[in-house]
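To keep things clear, I will list the structure first and then write my remarks on it.
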Amino acid sequence: MLTTEHPAPNLDLIDTAGQPWRLSDSRDARGTLLYFMRSTSCPICNRHVRDLIARRDFFDDENIRVVIVVPEDRDAALAWKTKHAIPFAVLTGSTGDPHESVGLTRRMFGSMRQSGTVLVDSRGTVRHAHGATMPVSSYDRKGITAAVLALRDTRN
């Protein structure tokens, strides 16, 4: 898993329209919060996404761009985004597993994918990284909030 105060890796992701997405394109925001879902069918991960949506005003006020990263292919990601009216960019890997690029690897029984959150500031430095195999532990709301508020005090 990524560690704080280190550079974020280059992520090879695409959005649901098939366009490449790069973390470096988000430099106009104070930071980017990436939520890596275990799967779009995970009810707990969907609950976490609903919380992100409910907190959208907070993230907007703090100039934090929120993106959701899913392991499914682009068509499945688009169908999920549309069905649930997700207001954030939904991304998937253009090549390979996007979760592995940040250290969220499969660990339990060889198939249970980890999920987690990564907050990256406008300079590309990881400010928060949290992952877990069990989805109930993957969304660190308090840690995310503290990291976002701490960005107020940094000069980006």
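By order in the structure tokens, chains are A, B, ...; within a chain, residues start at 1; ligands start at 1, following the order shown.
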
(Q) At a cut-off of 7 Å, using only C-alpha atoms, what residues contact segment 67-77 of chain A? Leave out same-chain residues fewer than 6 positions from it and give the result as a list in words. (A) Thr16, Leu33, Leu34, Tyr35, Phe36, Met37, Ser39, Thr40, Phe88, Ala89, Val90, Leu91, Thr92, Asp97 and Pro98 of chain A

query = Among segment 28-129 of chain A, which ones does DSSP place in helix (DSSP H, G or I), written as number ranges by chain?
reply = A: 43-54, 56-61, 74-83, 100-102

Residue subset to file, keeping N, CA and C atoms, as a compact mmCIF listing (two decimals), in the first residue's frame:
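In the end it all went to out_20.txt:
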```
# COMPACT_ATOMS: atom_id res chain seq x y z
N PRO A 43 -22.07 -4.38 -1.53
CA PRO A 43 -23.02 -3.47 -0.88
C PRO A 43 -22.34 -2.50 0.10
N ILE A 44 -21.30 -2.93 0.75
CA ILE A 44 -20.61 -2.05 1.70
C ILE A 44 -19.86 -0.96 0.95
N CYS A 45 -19.20 -1.32 -0.14
CA CYS A 45 -18.51 -0.31 -0.96
C CYS A 45 -19.52 0.70 -1.52
N ASN A 46 -20.68 0.22 -1.93
CA ASN A 46 -21.72 1.13 -2.42
C ASN A 46 -22.19 2.07 -1.32
N ARG A 47 -22.25 1.59 -0.10
CA ARG A 47 -22.60 2.45 1.03
C ARG A 47 -21.55 3.54 1.22
N HIS A 48 -20.27 3.18 1.05
CA HIS A 48 -19.20 4.17 1.16
C HIS A 48 -19.32 5.23 0.06
N VAL A 49 -19.66 4.79 -1.14
CA VAL A 49 -19.85 5.75 -2.24
C VAL A 49 -21.00 6.69 -1.93
N ARG A 50 -22.08 6.15 -1.37
CA ARG A 50 -23.20 7.02 -1.00
C ARG A 50 -22.78 8.06 0.04
N ASP A 51 -21.89 7.68 0.94
CA ASP A 51 -21.38 8.64 1.92
C ASP A 51 -20.55 9.72 1.23
N LEU A 52 -19.72 9.33 0.28
CA LEU A 52 -18.95 10.31 -0.48
C LEU A 52 -19.88 11.29 -1.20
N ILE A 53 -20.94 10.76 -1.78
CA ILE A 53 -21.91 11.62 -2.47
C ILE A 53 -22.58 12.56 -1.47
N ALA A 54 -22.96 12.05 -0.31
CA ALA A 54 -23.60 12.88 0.71
C ALA A 54 -22.67 13.99 1.19
N ARG A 56 -20.46 15.51 -0.70
CA ARG A 56 -19.96 16.19 -1.89
C ARG A 56 -19.72 17.68 -1.66
N ASP A 57 -20.62 18.35 -0.95
CA ASP A 57 -20.43 19.78 -0.68
C ASP A 57 -19.14 20.03 0.11
N PHE A 58 -18.86 19.18 1.08
CA PHE A 58 -17.62 19.31 1.86
C PHE A 58 -16.41 19.21 0.93
N PHE A 59 -16.39 18.20 0.07
CA PHE A 59 -15.26 18.04 -0.84
C PHE A 59 -15.17 19.20 -1.83
N ASP A 60 -16.30 19.65 -2.33
CA ASP A 60 -16.29 20.81 -3.24
C ASP A 60 -15.76 22.05 -2.53
N ASP A 61 -16.22 22.29 -1.31
CA ASP A 61 -15.76 23.46 -0.55
C ASP A 61 -14.26 23.43 -0.30
N ARG A 74 -14.79 -1.09 -18.55
CA ARG A 74 -15.40 0.21 -18.78
C ARG A 74 -16.92 0.13 -18.96
N ASP A 75 -17.41 -0.86 -19.68
CA ASP A 75 -18.86 -1.00 -19.89
C ASP A 75 -19.59 -1.24 -18.58
N ALA A 76 -19.04 -2.11 -17.76
CA ALA A 76 -19.67 -2.38 -16.45
C ALA A 76 -19.59 -1.15 -15.56
N ALA A 77 -18.49 -0.43 -15.62
CA ALA A 77 -18.34 0.79 -14.82
C ALA A 77 -19.36 1.84 -15.24
N LEU A 78 -19.56 2.00 -16.55
CA LEU A 78 -20.54 2.96 -17.05
C LEU A 78 -21.96 2.57 -16.64
N ALA A 79 -22.28 1.30 -16.75
CA ALA A 79 -23.61 0.84 -16.36
C ALA A 79 -23.87 1.11 -14.87
N TRP A 80 -22.88 0.84 -14.03
CA TRP A 80 -23.01 1.08 -12.59
C TRP A 80 -23.16 2.57 -12.32
N LYS A 81 -22.30 3.39 -12.94
CA LYS A 81 -22.35 4.85 -12.74
C LYS A 81 -23.72 5.40 -13.13
N THR A 82 -24.23 4.95 -14.26
CA THR A 82 -25.53 5.42 -14.75
C THR A 82 -26.66 4.97 -13.83
N LYS A 83 -26.67 3.70 -13.48
CA LYS A 83 -27.74 3.16 -12.64
C LYS A 83 -27.83 3.86 -11.29
N GLU A 100 -3.96 -2.82 -7.97
CA GLU A 100 -2.58 -3.25 -7.73
C GLU A 100 -1.60 -2.10 -7.89
N SER A 101 -1.94 -1.10 -8.71
CA SER A 101 -1.03 0.02 -8.93
C SER A 101 -0.82 0.86 -7.67
N VAL A 102 -1.72 0.74 -6.69
CA VAL A 102 -1.55 1.46 -5.43
C VAL A 102 -1.33 0.50 -4.26
```

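Distances to Asp25 of chain A were evaluated for A:Arg113, A:Arg55, A:His84, A:Arg123 using only C-alpha atoms, and the minimum falls at A:Arg123.
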
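Proximity to Pro135 of chain A at 9 Å, evaluated using only C-alpha atoms and with sequence-adjacent residues fewer than 3 positions away removed, yields Met37, Arg38, Cys42, Ile44, Cys45, Gln114, Ser115, Gly116, Gly131, Ala132, Ser138 and Tyr139 of chain A.
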
How would the residues just picked look written out with N, CA and C atoms as a compact mmCIF listing (two decimals), in the first residue's frame?
```txt
# COMPACT_ATOMS: atom_id res chain seq x y z
N MET A 37 -12.98 0.79 -5.05
CA MET A 37 -14.03 -0.14 -4.62
C MET A 37 -13.57 -1.58 -4.82
N ARG A 38 -14.00 -2.43 -3.94
CA ARG A 38 -13.74 -3.86 -4.09
C ARG A 38 -14.43 -4.37 -5.36
N CYS A 42 -20.41 -4.78 -4.50
CA CYS A 42 -20.19 -4.86 -3.05
C CYS A 42 -21.13 -3.88 -2.34
N ILE A 44 -21.30 -2.93 0.75
CA ILE A 44 -20.61 -2.05 1.70
C ILE A 44 -19.86 -0.96 0.95
N CYS A 45 -19.20 -1.32 -0.14
CA CYS A 45 -18.51 -0.31 -0.96
C CYS A 45 -19.52 0.70 -1.52
N GLN A 114 -8.91 -6.16 -2.12
CA GLN A 114 -8.88 -5.08 -1.15
C GLN A 114 -9.54 -3.83 -1.73
N SER A 115 -9.98 -2.96 -0.85
CA SER A 115 -10.50 -1.66 -1.25
C SER A 115 -9.87 -0.63 -0.33
N GLY A 116 -9.98 0.63 -0.73
CA GLY A 116 -9.38 1.66 0.10
C GLY A 116 -9.43 3.04 -0.52
N GLY A 131 -6.15 1.10 3.27
CA GLY A 131 -6.75 -0.02 2.56
C GLY A 131 -7.04 -1.15 3.53
N ALA A 132 -7.94 -2.03 3.10
CA ALA A 132 -8.30 -3.18 3.93
C ALA A 132 -8.89 -4.27 3.06
N SER A 138 -12.41 -0.50 4.99
CA SER A 138 -11.64 0.14 3.92
C SER A 138 -11.88 1.64 3.79
N TYR A 139 -12.94 2.14 4.37
CA TYR A 139 -13.31 3.54 4.22
C TYR A 139 -13.09 4.25 5.55
```

Problem - DSSP strand (DSSP E or B) residues within segment 3-155 of chain A, as an MDAnalysis selection string - result: chainID A and resid 7 13:15 20:21 31:36 64:69 89:93 108 112 115:121 125:132

Might you pull out every residue within 12 Å of Gly31 of chain A, with only C-alpha atoms counted and same-chain residues fewer than 5 positions away left off, and present them as a PyMOL selection string? chain A and resi 8+23-26+59-67+118-128+144+147-152+154-156

Restricting the output to N, CA and C atoms, write the selected residues as a short mmCIF file (atom, residue, chain, number, x, y, z; two decimals), in the first residue's frame.
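Listing of result10.cif after writing:
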```
data_model
loop_
_atom_site.label_atom_id
_atom_site.label_comp_id
_atom_site.auth_asym_id
_atom_site.auth_seq_id
_atom_site.Cartn_x
_atom_site.Cartn_y
_atom_site.Cartn_z
N ALA A 8 2.80 9.88 -5.41
CA ALA A 8 1.81 8.93 -5.92
C ALA A 8 2.34 8.34 -7.23
N LEU A 23 -3.68 11.41 -12.99
CA LEU A 23 -3.68 12.15 -11.73
C LEU A 23 -3.09 13.54 -11.95
N SER A 24 -2.11 13.66 -12.80
CA SER A 24 -1.47 14.95 -13.05
C SER A 24 -2.43 15.95 -13.69
N ASP A 25 -3.52 15.48 -14.28
CA ASP A 25 -4.52 16.39 -14.85
C ASP A 25 -5.39 17.04 -13.78
N SER A 26 -5.22 16.63 -12.54
CA SER A 26 -6.04 17.14 -11.44
C SER A 26 -5.32 18.20 -10.63
N PHE A 59 -16.39 18.20 0.07
CA PHE A 59 -15.26 18.04 -0.84
C PHE A 59 -15.17 19.20 -1.83
N ASP A 60 -16.30 19.65 -2.33
CA ASP A 60 -16.29 20.81 -3.24
C ASP A 60 -15.76 22.05 -2.53
N ASP A 61 -16.22 22.29 -1.31
CA ASP A 61 -15.76 23.46 -0.55
C ASP A 61 -14.26 23.43 -0.30
N GLU A 62 -13.72 22.23 -0.14
CA GLU A 62 -12.28 22.07 0.12
C GLU A 62 -11.47 21.91 -1.17
N ASN A 63 -12.15 22.00 -2.32
CA ASN A 63 -11.51 21.86 -3.63
C ASN A 63 -10.81 20.50 -3.78
N ILE A 64 -11.52 19.46 -3.37
CA ILE A 64 -11.04 18.08 -3.49
C ILE A 64 -11.84 17.39 -4.58
N ARG A 65 -11.16 16.87 -5.56
CA ARG A 65 -11.80 16.11 -6.64
C ARG A 65 -11.92 14.66 -6.15
N VAL A 66 -13.12 14.12 -6.23
CA VAL A 66 -13.37 12.73 -5.82
C VAL A 66 -13.53 11.89 -7.08
N VAL A 67 -12.84 10.76 -7.12
CA VAL A 67 -13.01 9.80 -8.20
C VAL A 67 -13.18 8.41 -7.61
N VAL A 118 -7.18 6.82 -1.24
CA VAL A 118 -5.90 7.50 -1.37
C VAL A 118 -6.21 8.97 -1.64
N LEU A 119 -5.64 9.87 -0.84
CA LEU A 119 -5.75 11.30 -1.06
C LEU A 119 -4.39 11.80 -1.51
N VAL A 120 -4.37 12.46 -2.67
CA VAL A 120 -3.14 12.97 -3.25
C VAL A 120 -3.28 14.48 -3.39
N ASP A 121 -2.27 15.23 -2.93
CA ASP A 121 -2.34 16.68 -3.05
C ASP A 121 -2.00 17.13 -4.47
N SER A 122 -2.09 18.41 -4.73
CA SER A 122 -1.91 18.93 -6.08
C SER A 122 -0.48 18.77 -6.60
N ARG A 123 0.46 18.49 -5.72
CA ARG A 123 1.84 18.26 -6.16
C ARG A 123 2.12 16.78 -6.42
N GLY A 124 1.12 15.94 -6.18
CA GLY A 124 1.30 14.51 -6.43
C GLY A 124 1.82 13.74 -5.23
N THR A 125 1.72 14.32 -4.05
CA THR A 125 2.18 13.66 -2.83
C THR A 125 1.00 13.00 -2.14
N VAL A 126 1.18 11.76 -1.71
CA VAL A 126 0.13 11.04 -0.99
C VAL A 126 -0.02 11.66 0.40
N ARG A 127 -1.23 12.07 0.73
CA ARG A 127 -1.52 12.68 2.03
C ARG A 127 -2.32 11.74 2.93
N HIS A 128 -2.93 10.73 2.36
CA HIS A 128 -3.70 9.75 3.12
C HIS A 128 -3.75 8.48 2.29
N ILE A 144 -9.87 10.43 6.32
CA ILE A 144 -10.03 11.22 5.09
C ILE A 144 -10.31 12.67 5.45
N ALA A 147 -7.23 14.40 6.81
CA ALA A 147 -6.24 14.65 5.76
C ALA A 147 -6.67 15.80 4.85
N VAL A 148 -7.97 15.85 4.53
CA VAL A 148 -8.48 16.95 3.70
C VAL A 148 -8.31 18.28 4.43
N LEU A 149 -8.66 18.32 5.70
CA LEU A 149 -8.54 19.55 6.46
C LEU A 149 -7.07 19.97 6.63
N ALA A 150 -6.18 19.00 6.72
CA ALA A 150 -4.76 19.30 6.84
C ALA A 150 -4.21 19.95 5.57
N LEU A 151 -4.85 19.69 4.44
CA LEU A 151 -4.41 20.32 3.19
C LEU A 151 -4.62 21.83 3.21
N ARG A 152 -5.54 22.31 4.03
CA ARG A 152 -5.75 23.75 4.16
C ARG A 152 -4.47 24.45 4.59
N THR A 154 -1.37 23.51 4.00
CA THR A 154 -0.22 23.33 3.13
C THR A 154 -0.31 24.28 1.95
N ARG A 155 0.81 24.63 1.44
CA ARG A 155 0.83 25.49 0.24
C ARG A 155 1.04 24.59 -0.96
N ASN A 156 0.00 24.44 -1.74
CA ASN A 156 0.05 23.57 -2.91
C ASN A 156 0.21 24.39 -4.16
#
```

* Can you pull out every residue within 9 Å of Trp21 of chain A, counting only C-alpha atoms, but drop anything in the same chain fewer than 4 positions away, and send it as a VMD selection string? => chain A and resid 11 to 15 25 91

Include N, CA and C atoms and write out the residues we just selected as a compact mmCIF listing (two decimals), in the first residue's frame.
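So the final result, stored in selection-v5.txt, reads:
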```txt
# COMPACT_ATOMS: atom_id res chain seq x y z
N LEU A 11 -0.82 6.57 -12.63
CA LEU A 11 -1.93 5.63 -12.74
C LEU A 11 -2.41 5.58 -14.17
N ASP A 12 -2.56 4.39 -14.71
CA ASP A 12 -3.01 4.19 -16.08
C ASP A 12 -4.49 3.85 -16.05
N LEU A 13 -5.34 4.89 -16.03
CA LEU A 13 -6.77 4.70 -15.87
C LEU A 13 -7.52 5.31 -17.05
N ILE A 14 -8.77 4.85 -17.23
CA ILE A 14 -9.65 5.45 -18.22
C ILE A 14 -11.00 5.72 -17.57
N ASP A 15 -11.68 6.74 -18.07
CA ASP A 15 -13.01 7.04 -17.53
C ASP A 15 -14.07 6.25 -18.29
N ASP A 25 -3.52 15.48 -14.28
CA ASP A 25 -4.52 16.39 -14.85
C ASP A 25 -5.39 17.04 -13.78
N LEU A 91 -13.59 5.44 -12.81
CA LEU A 91 -12.43 5.04 -13.58
C LEU A 91 -12.17 3.55 -13.46
```

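Between Gly103 of chain A and the residues A:Ala17, A:Ala129, A:Val136, A:Ala146, the shortest atom-to-atom distance, using only C-alpha atoms, involves A:Ala129.
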
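Atom CA of Thr3 of chain A lies 8.7 Å from atom CA of His130 of chain A.
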